[in-house]
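Enquirer: Take this structure first; my questions come after.
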Amino acid sequence: WHQLRHPLIFYYGHVACLYINKFRVAGLLTDGVDEYMEQIMETGVDEMSWDDLSKNEMTWPDLREVTEYRRKVYKIVKDVIMEGAWEFPIKIDEPAWAIIMGFEHERIHLETSSVLMRELPAHLVSRPAQFPPYHPSATDGSASRTVSNKMLPVPATKVELGKPRDFPSFGWDNEYGTRSVDVQAFEASQFMITNGEFLEFVKSGG
């Protein structure tokens, strides 16, 4: 284990913990659910310092404890949503912004946790019964076929980055403001890069 992230049990509780902590900051809740959980699972890894990894030496709560915590948080989040008198679109300075933040934060960790799961030893991972069947290309030999993926020219242009504060959708802090960037001409592949193409890139020293 490279220990560049916390163990999976942290992220299992972290997404629930953020709902509670942000709801309290926003005034949607007065009390927490479990002070200890909401302290140890509050903060993920800060890539700018890495000092948050020091707590990986501790003994983490077991799966049953964290699952029970998540169930309690789920009920609270559901009740807050169902009982609120919300107006739409939800704006950045409104308490309900914390709900949307929780949604977006959870989506991020669904993706990042899947990376950690793919790094686990194969014997620790099982395919969920609810997953759809594999695509036929996984077993019919077509996965070994190469596809022409030519590079297409993209002309130089000016790109406008950022969005205004009143933009009617959720955004993280670093998405706001404006910045103009002159992008030089480049080439991009016609299709998304396949695992096979990336393997060849790695083998060639990339």
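Just remember, in the structure tokens the first chain shown is A, the second B, etc., residues are 1-based per chain, and ligands are 1-based in the order shown.
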At a cut-off of 12 Å, can you tabulate as JSON lines every residue of region 55-144 of chain A near region 154-167 of chain A together with its closest atom pair and the distance in Å to one decimal, using only C-alpha atoms and ordering rows by chain then number?
Expert:
```
{"residue": "A:Pro89", "atom": "CA", "partner": "A:Phe167", "partner_atom": "CA", "distance": 9.7}
{"residue": "A:Ile90", "atom": "CA", "partner": "A:Asp166", "partner_atom": "CA", "distance": 10.1}
{"residue": "A:Lys91", "atom": "CA", "partner": "A:Asp166", "partner_atom": "CA", "distance": 7.3}
{"residue": "A:Ile92", "atom": "CA", "partner": "A:Asp166", "partner_atom": "CA", "distance": 7.7}
{"residue": "A:Asp93", "atom": "CA", "partner": "A:Asp166", "partner_atom": "CA", "distance": 9.9}
```
Enquirer: Tell me, which residues of region 5-191 of chain A carry DSSP helix (DSSP H, G or I), written as a ChimeraX atom specification?
Expert: /A:8-26,35-40,51-57,63-83,97-118,122-124,136-138,142-144,173-175
Enquirer: Figure out the distance between CA of Ser113 (chain A) and CA of Tyr11 (chain A), please, to one decimal in Å.
Expert: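 Spanning CA of Tyr11 (chain A) to CA of Ser113 (chain A) is a straight-line distance of 7.3 Å.
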Enquirer: Write out as a tab-separated table the residues of region 73-155 of chain A that have any atom within 12 Å of an atom of region 37-45 of chain A, one row each with the nearest atom pair and its distance in Å to one decimal, counting only C-alpha atoms, sorted by chain and then rising number.
Expert:
```
residue	atom	partner	partner_atom	distance
A:Val73	CA	A:Glu38	CA	11.1
A:His105	CA	A:Gly44	CA	11.6
A:His109	CA	A:Gly44	CA	10.5
A:Thr112	CA	A:Gly44	CA	11.7
```
Enquirer: Would you list, as an MDAnalysis selection string, the residues of chain A that end up in strand (DSSP E or B) under DSSP run on this structure's backbone?
Expert: chainID A and resid 151:154 157:161 163 176 179:183 186:189
Enquirer: Env of Ser148 (chain A): 10 Å cut, atoms = only C-alpha atoms, seq-sep filter 4 positions within chain, self excluded. Answer as number ranges by chain.
Expert: A: 189-191
Enquirer: For the residues selected in the previous step, produce a file with N, CA and C atoms as a PDB file, in the first residue's frame.
Expert:
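Printed below is out-v3.pdb as written:
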```
ATOM      1  N   SER A 189      -6.266  12.934 -29.890  1.00  0.00           N
ATOM      2  CA  SER A 189      -6.723  11.689 -30.506  1.00  0.00           C
ATOM      3  C   SER A 189      -8.205  11.772 -30.852  1.00  0.00           C
ATOM      4  N   GLN A 190      -8.571  11.093 -31.918  1.00  0.00           N
ATOM      5  CA  GLN A 190      -9.962  11.115 -32.372  1.00  0.00           C
ATOM      6  C   GLN A 190     -10.891  10.446 -31.366  1.00  0.00           C
ATOM      7  N   PHE A 191     -10.413   9.372 -30.751  1.00  0.00           N
ATOM      8  CA  PHE A 191     -11.202   8.640 -29.764  1.00  0.00           C
ATOM      9  C   PHE A 191     -10.496   8.655 -28.411  1.00  0.00           C
TER      10      PHE A 191
END
```
Enquirer: Distance CA of Ile100 (chain A)-CA of Gly171 (chain A), one decimal place?
Expert: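 Taking CA of Ile100 (chain A) as the start and CA of Gly171 (chain A) as the end point, the length is 9.4 Å.
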